[in-house]
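Novice: If it helps, the file is called target.tsv and holds TSV, C-alpha atoms:
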chain	number	residue	atom	x	y	z
A	36	MET	CA	91.99	4.03	-51.35
A	37	SER	CA	90.61	1.23	-49.33
A	38	ILE	CA	87.58	1.72	-47.25
A	39	SER	CA	89.27	0.85	-44.05
A	40	THR	CA	91.68	3.73	-44.47
A	41	GLU	CA	88.99	6.31	-44.99
A	42	PRO	CA	88.83	8.76	-42.16
A	43	ASN	CA	85.95	10.90	-41.15
A	44	VAL	CA	83.19	8.45	-41.22
A	45	ALA	CA	82.95	6.47	-38.09
A	46	ARG	CA	80.58	7.71	-35.48
A	47	THR	CA	78.83	9.71	-38.05
A	48	ARG	CA	75.18	10.20	-37.67
A	49	ALA	CA	73.58	12.32	-40.26
A	50	LEU	CA	70.16	13.29	-41.14
A	51	ILE	CA	69.74	14.73	-44.53
A	52	ARG	CA	66.54	16.19	-45.69
A	53	ASN	CA	66.07	16.79	-49.33
A	54	PRO	CA	62.56	17.99	-49.71
A	55	GLY	CA	63.43	19.88	-52.85
A	56	ARG	CA	61.80	19.31	-56.09
A	57	THR	CA	64.70	17.68	-57.77
A	58	CYS	CA	67.31	15.09	-57.61
A	59	ARG	CA	67.97	14.18	-54.04
A	60	LEU	CA	66.60	10.93	-53.34
A	61	PHE	CA	68.48	7.86	-54.07
A	62	VAL	CA	71.62	8.90	-52.45
A	63	ALA	CA	69.75	7.25	-49.68
A	64	LEU	CA	70.25	3.87	-51.19
A	65	GLY	CA	73.85	4.50	-51.90
A	66	VAL	CA	74.52	6.03	-48.56
A	67	MET	CA	73.33	2.89	-46.99
A	68	ALA	CA	76.50	1.42	-48.33
A	69	LEU	CA	78.40	3.82	-46.19
A	70	LEU	CA	77.33	1.73	-43.34
A	71	CYS	CA	79.87	-0.81	-44.34
A	72	TRP	CA	82.41	1.65	-43.09
A	73	THR	CA	81.74	0.81	-39.52
A	74	GLY	CA	85.30	-0.33	-39.08
A	75	ALA	CA	86.77	2.97	-40.19
A	76	PRO	CA	88.88	4.96	-37.78
A	77	ALA	CA	87.20	7.40	-35.56
A	78	ALA	CA	87.90	11.10	-35.66
A	79	ILE	CA	84.91	12.87	-36.81
A	80	ALA	CA	82.16	14.93	-35.44
A	81	ALA	CA	79.24	13.05	-34.12
A	82	ALA	CA	77.05	14.22	-36.92
A	83	GLN	CA	77.93	14.93	-40.48
A	84	GLY	CA	75.72	16.03	-43.32
A	85	TRP	CA	75.81	14.37	-46.68
A	86	ARG	CA	74.33	15.70	-49.83
A	87	ILE	CA	73.71	14.22	-53.22
A	88	ASP	CA	75.82	15.15	-56.22
A	89	GLU	CA	73.01	15.85	-58.60
A	90	THR	CA	75.19	15.86	-61.66
A	91	HIS	CA	76.20	12.28	-60.96
A	92	THR	CA	72.83	10.84	-60.05
A	93	TRP	CA	70.71	8.54	-62.12
A	94	VAL	CA	67.61	6.66	-61.06
A	95	GLY	CA	66.60	4.11	-63.63
A	96	PHE	CA	65.08	0.79	-64.43
A	97	LYS	CA	65.34	-1.95	-67.01
A	98	ILE	CA	62.90	-4.57	-68.15
A	99	ASP	CA	63.37	-7.31	-70.74
A	100	ALA	CA	60.80	-8.58	-73.19
A	101	VAL	CA	60.23	-11.23	-75.83
A	102	GLY	CA	60.03	-9.86	-79.36
A	103	PHE	CA	60.59	-6.34	-78.15
A	104	PRO	CA	63.80	-4.59	-77.16
A	105	THR	CA	64.87	-4.20	-73.56
A	106	THR	CA	63.20	-1.11	-72.16
A	107	ARG	CA	65.34	1.29	-70.16
A	108	GLY	CA	64.04	4.38	-68.46
A	109	HIS	CA	64.71	6.75	-65.64
A	110	PHE	CA	63.04	9.21	-63.31
A	111	THR	CA	63.91	12.86	-63.05
A	112	HIS	CA	62.12	13.99	-59.87
A	113	TYR	CA	62.56	12.49	-56.45
A	114	SER	CA	63.29	13.34	-52.85
A	115	GLY	CA	64.73	11.48	-49.92
A	116	ARG	CA	65.69	11.38	-46.30
A	117	ILE	CA	68.70	9.67	-44.78
A	118	LEU	CA	69.77	8.81	-41.31
A	119	ILE	CA	73.21	7.24	-41.13
A	120	ASP	CA	74.75	5.55	-38.18
A	121	PHE	CA	78.13	4.12	-39.00
A	122	GLU	CA	78.64	2.55	-35.62
A	123	ARG	CA	75.30	0.84	-35.60
A	124	PRO	CA	74.25	0.21	-39.15
A	125	ALA	CA	71.00	-1.35	-38.07
A	126	LYS	CA	69.99	2.02	-36.69
A	127	SER	CA	70.38	3.64	-40.05
A	128	PHE	CA	67.41	4.53	-42.08
A	129	THR	CA	66.40	5.95	-45.40
A	130	SER	CA	63.19	6.80	-47.10
A	131	PHE	CA	62.51	8.32	-50.44
A	132	THR	CA	59.79	9.05	-52.89
A	133	VAL	CA	59.86	9.22	-56.67
A	134	ASP	CA	57.49	11.24	-58.78
A	135	SER	CA	56.12	8.51	-61.04
A	136	GLY	CA	55.07	11.13	-63.57
A	137	SER	CA	58.72	12.09	-64.03
A	138	VAL	CA	59.50	8.86	-65.84
A	139	ASP	CA	61.32	9.15	-69.15
A	140	VAL	CA	61.68	6.21	-71.54
A	141	GLY	CA	63.00	8.02	-74.56
A	142	SER	CA	60.08	9.36	-76.56
A	143	GLN	CA	57.07	11.43	-75.61
A	144	SER	CA	54.49	8.94	-76.84
A	145	PHE	CA	56.16	5.97	-75.16
A	146	THR	CA	56.69	7.95	-71.96
A	147	ASP	CA	53.02	8.94	-71.95
A	148	PHE	CA	52.10	5.28	-72.30
A	149	VAL	CA	54.37	4.21	-69.44
A	150	LYS	CA	52.87	6.94	-67.25
A	151	GLY	CA	49.40	5.73	-68.16
A	152	PRO	CA	47.03	3.30	-66.45
A	153	ALA	CA	48.62	0.18	-67.97
A	154	LEU	CA	51.89	0.70	-66.11
A	155	LEU	CA	52.73	3.43	-63.60
A	156	ASP	CA	49.24	4.95	-63.53
A	157	ALA	CA	50.85	8.22	-62.48
A	158	GLU	CA	47.58	10.08	-62.23
A	159	LYS	CA	46.18	7.67	-59.66
A	160	PHE	CA	49.51	6.81	-58.01
A	161	PRO	CA	51.71	9.89	-58.34
A	162	THR	CA	54.55	8.57	-56.19
A	163	LEU	CA	56.69	5.51	-55.70
A	164	ALA	CA	58.08	5.23	-52.20
A	165	PHE	CA	60.79	3.28	-50.43
A	166	THR	CA	61.41	3.04	-46.70
A	167	SER	CA	64.30	1.00	-45.39
A	168	THR	CA	63.77	-1.49	-42.62
A	169	GLN	CA	67.16	-3.15	-42.36
A	170	VAL	CA	70.76	-2.46	-43.35
A	171	GLU	CA	73.45	-5.12	-43.39
A	172	LYS	CA	77.11	-4.80	-44.20
A	173	LEU	CA	78.10	-7.61	-46.55
A	174	ASP	CA	81.73	-6.72	-47.09
A	175	ALA	CA	83.95	-3.66	-47.30
A	176	ARG	CA	82.33	-2.49	-50.51
A	177	THR	CA	78.86	-3.91	-50.37
A	178	ALA	CA	75.77	-3.48	-48.25
A	179	ARG	CA	72.32	-4.98	-48.35
A	180	VAL	CA	69.39	-2.71	-47.70
A	181	THR	CA	65.97	-4.17	-47.11
A	182	GLY	CA	62.90	-2.02	-47.09
A	183	ASN	CA	59.35	-1.56	-48.20
A	184	LEU	CA	58.57	-0.37	-51.67
A	185	THR	CA	55.18	1.12	-52.39
A	186	MET	CA	54.15	1.01	-56.03
A	187	LEU	CA	50.63	1.28	-57.45
A	188	GLY	CA	49.41	1.56	-53.88
A	189	VAL	CA	50.84	-1.84	-52.88
A	190	THR	CA	53.60	-2.08	-50.29
A	191	LYS	CA	55.98	-5.04	-50.39
A	192	PRO	CA	59.49	-5.69	-49.05
A	193	ILE	CA	62.39	-5.50	-51.49
A	194	THR	CA	66.13	-5.89	-51.10
A	195	LEU	CA	68.76	-3.67	-52.68
A	196	THR	CA	72.39	-4.53	-53.13
A	197	VAL	CA	74.51	-1.42	-52.77
A	198	ASN	CA	78.05	-1.20	-54.08
A	199	VAL	CA	80.17	1.60	-52.75
A	200	ASP	CA	83.21	3.20	-54.28
A	201	THR	CA	85.06	5.43	-51.88
A	202	ASP	CA	87.52	6.54	-54.49
A	203	PRO	CA	85.55	7.55	-57.58
A	204	SER	CA	87.62	8.81	-60.44
A	205	ALA	CA	86.23	12.33	-60.35
A	206	LYS	CA	86.91	13.95	-57.04
A	207	GLY	CA	84.90	16.71	-55.50
A	208	SER	CA	86.52	19.93	-54.46
A	209	ALA	CA	89.48	19.88	-52.11
A	210	LYS	CA	87.19	20.33	-49.16
A	211	GLU	CA	84.78	17.63	-50.10
A	212	ARG	CA	84.71	13.91	-49.78
A	213	VAL	CA	83.02	11.96	-52.52
A	214	VAL	CA	81.56	8.49	-52.34
A	215	ALA	CA	79.92	6.79	-55.29
A	216	PHE	CA	77.15	4.27	-54.98
A	217	GLN	CA	75.31	1.91	-57.18
A	218	ALA	CA	72.21	0.28	-55.78
A	219	THR	CA	70.35	-2.44	-57.64
A	220	ALA	CA	67.28	-4.52	-56.97
A	221	LYS	CA	65.23	-6.96	-58.95
A	222	ILE	CA	61.57	-6.98	-58.13
A	223	ALA	CA	58.59	-8.95	-59.37
A	224	ARG	CA	56.31	-6.19	-60.60
A	225	SER	CA	53.34	-8.55	-60.47
A	226	ASP	CA	53.69	-8.43	-56.67
A	227	PHE	CA	52.58	-4.83	-56.96
A	228	GLY	CA	49.77	-5.52	-59.37
A	229	MET	CA	51.67	-4.35	-62.46
A	230	LEU	CA	50.65	-7.14	-64.80
A	231	PHE	CA	50.87	-5.43	-68.17
A	232	GLY	CA	52.47	-7.51	-70.92
A	233	ILE	CA	53.29	-10.59	-68.85
A	234	PRO	CA	54.64	-12.96	-70.11
A	235	LEU	CA	55.85	-11.18	-73.27
A	236	ILE	CA	57.25	-8.45	-71.09
A	237	GLU	CA	59.09	-9.98	-68.18
A	238	ASP	CA	57.80	-9.83	-64.66
A	239	THR	CA	61.26	-8.96	-63.34
A	240	LEU	CA	61.95	-5.26	-63.15
A	241	GLU	CA	65.51	-4.20	-62.41
A	242	ILE	CA	65.97	-0.96	-60.53
A	243	THR	CA	69.34	0.78	-60.57
A	244	VAL	CA	70.39	3.89	-58.76
A	245	LYS	CA	73.75	5.48	-59.37
A	246	THR	CA	74.73	8.44	-57.31
A	247	ARG	CA	77.49	10.19	-55.46
A	248	ALA	CA	77.30	11.56	-52.00
A	249	LEU	CA	79.31	14.59	-50.95
A	250	THR	CA	80.21	15.87	-47.57
A	251	ASP	CA	82.50	18.60	-46.38
A	252	GLU	CA	85.70	17.44	-44.81
J	273	MET	CA	31.40	-5.76	-114.10
J	274	ASN	CA	29.22	-6.22	-117.11
J	275	GLU	CA	31.30	-5.08	-120.05
J	276	SER	CA	34.95	-4.53	-120.43
J	277	ALA	CA	36.17	-0.96	-120.42
J	278	ALA	CA	38.81	0.54	-122.64
J	279	ALA	CA	41.00	1.45	-119.73
J	280	TRP	CA	41.31	1.28	-115.97
J	281	PRO	CA	39.26	4.03	-114.31
J	282	PHE	CA	41.27	6.89	-112.90
J	283	ALA	CA	40.14	6.17	-109.33
J	284	LEU	CA	41.39	2.59	-109.59
J	285	ARG	CA	44.72	3.64	-111.00
J	286	ILE	CA	45.22	6.15	-108.21
J	287	LEU	CA	44.21	3.59	-105.61
J	288	HIS	CA	46.53	1.02	-107.17
J	289	TRP	CA	49.62	3.20	-107.12
J	290	VAL	CA	48.99	4.73	-103.71
J	291	SER	CA	48.40	1.26	-102.29
J	292	ALA	CA	51.54	0.00	-104.02
J	293	ALA	CA	53.63	2.72	-102.43
J	294	LEU	CA	52.10	2.22	-98.99
J	295	VAL	CA	52.32	-1.58	-99.11
J	296	LEU	CA	55.95	-1.57	-100.21
J	297	GLY	CA	56.69	1.10	-97.62
J	298	THR	CA	55.04	-0.64	-94.72
J	299	LEU	CA	56.48	-4.04	-95.66
J	300	GLY	CA	59.97	-2.61	-95.57
J	301	PHE	CA	59.07	-0.58	-92.51
J	302	GLY	CA	57.85	-3.66	-90.68
J	303	VAL	CA	60.99	-5.64	-91.42
J	304	TYR	CA	63.18	-2.67	-90.50
J	305	MET	CA	61.55	-1.96	-87.16
J	306	VAL	CA	61.47	-5.58	-86.07
J	307	GLN	CA	64.92	-6.60	-87.25
J	308	LEU	CA	67.00	-3.46	-86.95
J	309	VAL	CA	65.51	-1.14	-84.35
J	310	HIS	CA	66.68	-2.03	-80.87
J	311	ASP	CA	65.62	1.15	-79.11
J	312	THR	CA	62.31	0.59	-77.37
J	313	ALA	CA	61.01	4.14	-77.70
J	314	GLN	CA	61.86	4.24	-81.39
J	315	ARG	CA	60.25	0.83	-81.90
J	316	PHE	CA	57.16	2.04	-80.05
J	317	ASP	CA	56.78	5.07	-82.33
J	318	LEU	CA	57.58	3.15	-85.53
J	319	THR	CA	55.03	0.49	-84.63
J	320	GLN	CA	52.36	3.17	-84.36
J	321	THR	CA	53.26	4.44	-87.83
J	322	HIS	CA	53.39	0.90	-89.22
J	323	LYS	CA	49.92	0.18	-87.86
J	324	SER	CA	48.60	3.49	-89.18
J	325	ILE	CA	49.84	2.68	-92.68
J	326	GLY	CA	48.41	-0.82	-92.43
J	327	VAL	CA	44.97	0.49	-91.53
J	328	THR	CA	45.22	2.95	-94.42
J	329	VAL	CA	46.03	0.08	-96.79
J	330	LEU	CA	43.00	-1.80	-95.49
J	331	ALA	CA	40.76	1.22	-96.11
J	332	LEU	CA	42.21	1.73	-99.59
J	333	THR	CA	41.72	-1.95	-100.44
J	334	VAL	CA	38.07	-1.80	-99.39
J	335	ALA	CA	37.71	1.34	-101.51
J	336	ARG	CA	39.38	-0.37	-104.47
J	337	LEU	CA	37.07	-3.35	-104.31
J	338	CYS	CA	34.07	-1.02	-104.11
J	339	VAL	CA	35.28	0.87	-107.16
J	340	ARG	CA	35.93	-2.45	-108.94
J	341	MET	CA	32.39	-3.57	-108.21
J	342	PHE	CA	30.86	-0.47	-109.74
J	343	THR	CA	33.15	0.05	-112.70
J	344	ASN	CA	34.19	-2.00	-115.70
J	345	ALA	CA	37.68	-3.39	-116.02
J	346	PRO	CA	39.44	-3.51	-119.37
J	347	LYS	CA	39.85	-6.89	-120.99
J	348	PRO	CA	43.27	-8.43	-120.50
J	349	GLU	CA	45.71	-8.15	-123.32
J	350	PRO	CA	45.77	-11.32	-125.43
J	351	ALA	CA	47.81	-14.07	-123.83
J	352	ALA	CA	47.88	-17.82	-123.36
J	353	PRO	CA	44.88	-19.02	-121.35
J	354	LEU	CA	47.08	-20.48	-118.64
J	355	LEU	CA	48.85	-17.16	-118.23
J	356	LEU	CA	45.54	-15.37	-117.93
J	357	ILE	CA	44.42	-17.81	-115.28
J	358	ALA	CA	47.71	-17.40	-113.44
J	359	ALA	CA	47.38	-13.62	-113.62
J	360	LYS	CA	43.82	-13.77	-112.29
J	361	ALA	CA	44.90	-16.06	-109.46
J	362	ALA	CA	47.80	-13.77	-108.58
J	363	HIS	CA	45.52	-10.72	-108.51
J	364	ILE	CA	43.00	-12.48	-106.29
J	365	ALA	CA	45.82	-13.60	-104.00
J	366	LEU	CA	47.15	-10.04	-103.86
J	367	TYR	CA	43.76	-8.73	-102.87
J	368	ALA	CA	43.38	-11.48	-100.29
J	369	LEU	CA	46.75	-10.68	-98.77
J	370	LEU	CA	45.96	-6.98	-98.70
J	371	PHE	CA	43.15	-7.96	-96.34
J	372	VAL	CA	45.02	-10.64	-94.42
J	373	MET	CA	47.99	-8.41	-93.63
J	374	PRO	CA	46.21	-5.54	-91.88
J	375	LEU	CA	43.55	-7.78	-90.34
J	376	SER	CA	46.14	-10.14	-88.86
J	377	GLY	CA	48.05	-7.09	-87.64
J	378	TRP	CA	44.89	-5.76	-86.04
J	379	LEU	CA	44.32	-9.17	-84.46
J	380	MET	CA	47.87	-9.04	-83.09
J	381	ALA	CA	47.34	-5.58	-81.62
J	382	THR	CA	44.05	-6.71	-80.10
J	383	THR	CA	45.09	-10.02	-78.57
J	384	THR	CA	48.63	-9.28	-77.45
J	385	PRO	CA	49.27	-9.09	-73.73
J	386	VAL	CA	51.32	-6.00	-74.58
J	387	ARG	CA	48.19	-4.11	-75.45
J	388	VAL	CA	49.13	-0.66	-76.62
J	389	PRO	CA	46.40	1.59	-78.01
J	390	THR	CA	46.68	1.99	-81.77
J	391	VAL	CA	46.21	5.64	-82.62
J	392	ILE	CA	45.97	6.05	-86.38
J	393	PHE	CA	48.31	8.87	-87.35
J	394	GLY	CA	47.56	10.36	-83.93
J	395	LEU	CA	43.97	11.03	-85.00
J	396	PHE	CA	41.72	8.29	-83.64
J	397	GLN	CA	42.04	5.09	-81.71
J	398	LEU	CA	41.51	1.74	-83.36
J	399	PRO	CA	38.93	-0.34	-81.48
J	400	TYR	CA	40.10	-3.61	-79.95
J	401	PRO	CA	37.21	-6.07	-80.20
J	402	LEU	CA	38.92	-9.07	-78.58
J	403	ALA	CA	40.45	-9.69	-75.17
J	404	PRO	CA	44.20	-10.33	-74.83
J	405	ASP	CA	44.95	-13.97	-75.53
J	406	LEU	CA	48.53	-15.17	-75.90
J	407	SER	CA	47.77	-18.16	-78.15
J	408	ALA	CA	45.54	-16.06	-80.41
J	409	TYR	CA	48.29	-13.44	-80.55
J	410	ARG	CA	50.88	-16.05	-81.53
J	411	LEU	CA	48.61	-17.39	-84.25
J	412	ALA	CA	47.94	-13.87	-85.58
J	413	HIS	CA	51.66	-13.12	-85.47
J	414	ALA	CA	52.47	-16.27	-87.45
J	415	ILE	CA	49.82	-15.39	-90.02
J	416	HIS	CA	51.14	-11.83	-90.26
J	417	VAL	CA	54.70	-13.02	-90.89
J	418	VAL	CA	53.77	-15.73	-93.41
J	419	ALA	CA	51.39	-13.33	-95.18
J	420	ALA	CA	54.12	-10.67	-95.30
J	421	ILE	CA	56.57	-13.08	-96.93
J	422	SER	CA	53.87	-14.29	-99.34
J	423	LEU	CA	52.88	-10.73	-100.18
J	424	ALA	CA	56.49	-9.75	-100.84
J	425	ALA	CA	56.88	-12.76	-103.15
J	426	LEU	CA	53.62	-11.99	-104.96
J	427	ILE	CA	54.58	-8.35	-105.37
J	428	ALA	CA	57.88	-9.45	-106.90
J	429	LEU	CA	55.94	-11.73	-109.25
J	430	HIS	CA	53.48	-8.93	-110.02
J	431	ILE	CA	56.27	-6.49	-110.86
J	432	ALA	CA	58.10	-9.11	-112.94
J	433	ALA	CA	54.92	-9.86	-114.87
J	434	ALA	CA	54.26	-6.17	-115.48
J	435	LEU	CA	57.81	-5.75	-116.78
J	436	MET	CA	57.39	-8.83	-118.99
J	437	HIS	CA	54.26	-7.28	-120.45
J	438	ALA	CA	55.98	-3.96	-121.05
J	439	LEU	CA	59.43	-5.06	-122.16
J	440	LEU	CA	59.12	-8.57	-123.57
J	441	TRP	CA	55.65	-8.85	-124.95
J	442	ARG	CA	55.34	-5.11	-125.52
J	443	ASP	CA	51.62	-4.94	-124.82
J	444	ARG	CA	49.61	-2.22	-123.05
J	445	THR	CA	49.07	-3.97	-119.71
J	446	LEU	CA	51.41	-1.77	-117.68
J	447	MET	CA	50.52	1.41	-119.56
J	448	ARG	CA	46.83	0.85	-118.97
J	449	MET	CA	47.45	0.89	-115.23
J	450	TRP	CA	49.74	3.91	-115.52
J	451	ARG	CA	48.04	6.17	-118.07
J	452	GLY	CA	44.69	4.49	-118.36
J	453	TYR	CA	44.84	3.70	-122.06
Show me the file's structure as structure tokens.

Specialist:
Amino acid sequence: MSISTEPNVARTRALIRNPGRTCRLFVALGVMALLCWTGAPAAIAAAQGWRIDETHTWVGFKIDAVGFPTTRGHFTHYSGRILIDFERPAKSFTSFTVDSGSVDVGSQSFTDFVKGPALLDAEKFPTLAFTSTQVEKLDARTARVTGNLTMLGVTKPITLTVNVDTDPSAKGSAKERVVAFQATAKIARSDFGMLFGIPLIEDTLEITVKTRALTDE
Amino acid sequence: MNESAAAWPFALRILHWVSAALVLGTLGFGVYMVQLVHDTAQRFDLTQTHKSIGVTVLALTVARLCVRMFTNAPKPEPAAPLLLIAAKAAHIALYALLFVMPLSGWLMATTTPVRVPTVIFGLFQLPYPLAPDLSAYRLAHAIHVVAAISLAALIALHIAAALMHALLWRDRTLMRMWRGY
């Protein structure tokens, strides 16, 4: 199904609040990709609520190193807020926070180290936060979301590339629409004061968010 | 050592065989974790164990030398003078490498930019006396690798010599380290 044939999306303006303790957040990034649907046919209520499919959400990161394997990890607790305007993508907005103490890198001792003062310093900086400042449609399946990331108490602009799949293999229920997103960004962690291990551990940190957004037809 | 003893003291024999097991174990362990483990978390945990064993070997080697200083060693079994010199040199080299290996590993852990606390068997943290320094780390790493290869070669020689004593020359050298007489 091509994007341009998707109904139900134009003129949609939705505000989703996910203040819950668990998996809600990064749909925001993915949903930004919905903004590339601005050319879709109209026929929908002015506002439509989207929610994250928690069973298909993953918020992770990857970092390469010299003489040490590539480290992959993910976060388990986050929350987010989304405002979507399909007609005027620039008016769209998302913000989210991640519980830095919810990081998981595969073993308890390694996770404890990553949470510690050398890296995430979760005790001193319990959250990572992102607030979008700009959304651009690149093509029918891609959007670029610029925003401010706050990590270790330092706020810097980052850019995410968001791929959208409007026809994911696993459908929701008959009354639901499902859209899958994958948002990625490469950031220089040294910009945020995270200097541990440089240059043996690379400065570039790759963030990936995979999620699905659901909405009732 | 003033006079030769009839046999190796029990404490030395115990220290020898425990060290042998730990050294062989941690040599293999080190190669395994660096060459074959590609999961970061697993590598992280294995490195902690590797470092814990290395520090244990260092402590045992210090203990062995102390025991050697205060006890008498048995005279070597009769052999050609050159062989005795070679054996002495190999033993000194083994002792030297048993210091170089853990100390170069400690230097690596201290000077690496990837400075992870070394917690010995989860009990106490190893002090890091030096600041991170990439060139010092690379030097320590090179020493650690060369020393590991040298130690493996010397251990092979040591085992071969012990087997020669036991099987070819049929003297008491190996038995004295095993049973003490």

Novice: Within 12 Å of J:Leu287, counting all atoms listed in the file, which residues qualify if same-chain residues fewer than 6 places away don't, as a list of chain:residue names?

Specialist: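 The neighbour list is J:Trp280, J:Pro281, J:Ala293, J:Leu294, J:Val295, J:Thr328, J:Val329, J:Leu330, J:Ala331, J:Leu332, J:Thr333, J:Val334, J:Ala335, J:Arg336, J:Leu337, J:Cys338, J:Val339, J:Arg340, J:Met449, J:Trp450.
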
Novice: What gap, in Å, lies between atom CA of A:Asn198 and atom CA of A:Arg179?

Specialist: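 Separating atom CA of A:Asn198 from atom CA of A:Arg179 is a distance of 8.9 Å.
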
Novice: What is the atom CA of J:Ile431 to atom CA of J:Thr445 distance in Å?

Specialist: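 We find that atom CA of J:Ile431 and atom CA of J:Thr445 lie 11.7 Å from each other.
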
Novice: Quick one: residues within 9 Å of J:Arg387, only C-alpha atoms, excluding same-chain residues fewer than 5 positions away - as a JSON list (two decimals) with C-alpha atoms, in the frame of the given file?

Specialist:
[["chain", "number", "residue", "atom", "x", "y", "z"],
["A", 153, "ALA", "CA", 48.62, 0.18, -67.97],
["A", 231, "PHE", "CA", 50.87, -5.43, -68.17],
["A", 232, "GLY", "CA", 52.47, -7.51, -70.92],
["J", 381, "ALA", "CA", 47.34, -5.58, -81.62],
["J", 382, "THR", "CA", 44.05, -6.71, -80.10],
["J", 404, "PRO", "CA", 44.20, -10.33, -74.83]]

Novice: Do you know which residues are at most 10 Å from J:Lys323 counting only C-alpha atoms, after dropping those on the same chain fewer than 5 positions away, and could you put them as a count of residues only?

Specialist: 14

Novice: Select, as a PyMOL selection string, those residues of chain A with any atom no more than 7 Å from chain J (distances computed using only C-alpha atoms).

Specialist: chain A and resi 104-106+140-142+145+231-233+235

Novice: Write a file of the selected residues as an mmCIF file, keeping the file's coordinate frame, keeping C-alpha atoms.

Specialist:
data_model
loop_
_atom_site.group_PDB
_atom_site.id
_atom_site.type_symbol
_atom_site.label_atom_id
_atom_site.label_comp_id
_atom_site.auth_asym_id
_atom_site.auth_seq_id
_atom_site.Cartn_x
_atom_site.Cartn_y
_atom_site.Cartn_z
ATOM 1 C CA PRO A 104 63.800 -4.590 -77.160
ATOM 2 C CA THR A 105 64.870 -4.200 -73.560
ATOM 3 C CA THR A 106 63.200 -1.110 -72.160
ATOM 4 C CA VAL A 140 61.680 6.210 -71.540
ATOM 5 C CA GLY A 141 63.000 8.020 -74.560
ATOM 6 C CA SER A 142 60.080 9.360 -76.560
ATOM 7 C CA PHE A 145 56.160 5.970 -75.160
ATOM 8 C CA PHE A 231 50.870 -5.430 -68.170
ATOM 9 C CA GLY A 232 52.470 -7.510 -70.920
ATOM 10 C CA ILE A 233 53.290 -10.590 -68.850
ATOM 11 C CA LEU A 235 55.850 -11.180 -73.270
#

Novice: Counting all atoms listed in the file, which residues come within 9 Å of (49.0, -13.5, -90.0), with the point read in the file's coordinates, and could you list them as JSON, numbers by chain?

Specialist: {"J": [372, 373, 374, 375, 376, 377, 379, 380, 411, 412, 413, 414, 415, 416, 417, 418, 419, 420]}

Novice: Could you check how far atom CA of A:Pro192 sits from atom CA of A:His112, in Å to one decimal?

Specialist: 22.6 Å

Novice: Can you tell me, as a PDB file with C-alpha atoms, keeping the file's coordinate frame, what residues are no more than 10 Å from A:Phe96 when counting all atoms listed in the file, ignoring any on the same chain fewer than 4 positions away?

Specialist:
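File produced: selection-v4.pdb:
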ATOM      1  CA  THR A 106      63.200  -1.110 -72.160  1.00  0.00           C
ATOM      2  CA  ARG A 107      65.340   1.290 -70.160  1.00  0.00           C
ATOM      3  CA  GLY A 108      64.040   4.380 -68.460  1.00  0.00           C
ATOM      4  CA  HIS A 109      64.710   6.750 -65.640  1.00  0.00           C
ATOM      5  CA  PHE A 110      63.040   9.210 -63.310  1.00  0.00           C
ATOM      6  CA  VAL A 138      59.500   8.860 -65.840  1.00  0.00           C
ATOM      7  CA  VAL A 140      61.680   6.210 -71.540  1.00  0.00           C
ATOM      8  CA  THR A 219      70.350  -2.440 -57.640  1.00  0.00           C
ATOM      9  CA  ALA A 220      67.280  -4.520 -56.970  1.00  0.00           C
ATOM     10  CA  LYS A 221      65.230  -6.960 -58.950  1.00  0.00           C
ATOM     11  CA  LEU A 240      61.950  -5.260 -63.150  1.00  0.00           C
ATOM     12  CA  GLU A 241      65.510  -4.200 -62.410  1.00  0.00           C
ATOM     13  CA  ILE A 242      65.970  -0.960 -60.530  1.00  0.00           C
ATOM     14  CA  THR A 243      69.340   0.780 -60.570  1.00  0.00           C
ATOM     15  CA  VAL A 244      70.390   3.890 -58.760  1.00  0.00           C
TER      16      VAL A 244
END

Novice: Can you tell me, as JSON, numbers by chain, which residues sit within 12 Å of (50.6, 3.7, -62.0) in the file's frame, using all atoms listed in the file?

Specialist: {"A": [134, 135, 136, 137, 138, 147, 148, 149, 150, 151, 152, 153, 154, 155, 156, 157, 158, 159, 160, 161, 162, 163, 185, 186, 187, 188, 189, 224, 227, 228, 229, 230, 231]}

Novice: Please identify all polymer residues within 8 Å of stretch 355-363 of chain J, counting only C-alpha atoms, omitting same-chain residues fewer than 5 positions from it, and present them as a compact mmCIF listing (two decimals) with C-alpha atoms, in the frame of the given file.

Specialist:
# COMPACT_ATOMS: atom_id res chain seq x y z
CA PRO J 348 43.27 -8.43 -120.50
CA LEU J 426 53.62 -11.99 -104.96
CA HIS J 430 53.48 -8.93 -110.02

Novice: I need the residue nearest J:Thr383 from this list: J:Val303, J:Leu440, J:Ile286, J:Pro401. Use all atoms listed in the file for the distance.

Specialist: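 Closest to J:Thr383 of all the choices is J:Pro401.
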
Novice: Supply stretch 107-111 of chain A as a PDB file, in the coordinates of the input, with N, CA and C atoms built in where the input has gaps.

Specialist:
ATOM      1  N   ARG A 107      64.592   0.610 -71.226  1.00  0.00           N
ATOM      2  CA  ARG A 107      65.340   1.290 -70.160  1.00  0.00           C
ATOM      3  C   ARG A 107      64.718   2.668 -69.969  1.00  0.00           C
ATOM      4  N   GLY A 108      64.599   3.059 -68.735  1.00  0.00           N
ATOM      5  CA  GLY A 108      64.040   4.380 -68.460  1.00  0.00           C
ATOM      6  C   GLY A 108      64.606   4.935 -67.177  1.00  0.00           C
ATOM      7  N   HIS A 109      64.252   6.153 -66.885  1.00  0.00           N
ATOM      8  CA  HIS A 109      64.710   6.750 -65.640  1.00  0.00           C
ATOM      9  C   HIS A 109      63.707   7.787 -65.151  1.00  0.00           C
ATOM     10  N   PHE A 110      63.892   8.189 -63.912  1.00  0.00           N
ATOM     11  CA  PHE A 110      63.040   9.210 -63.310  1.00  0.00           C
ATOM     12  C   PHE A 110      63.867  10.475 -63.098  1.00  0.00           C
ATOM     13  N   THR A 111      63.184  11.593 -63.176  1.00  0.00           N
ATOM     14  CA  THR A 111      63.910  12.860 -63.050  1.00  0.00           C
ATOM     15  C   THR A 111      63.565  13.630 -61.772  1.00  0.00           C
TER      16      THR A 111
END
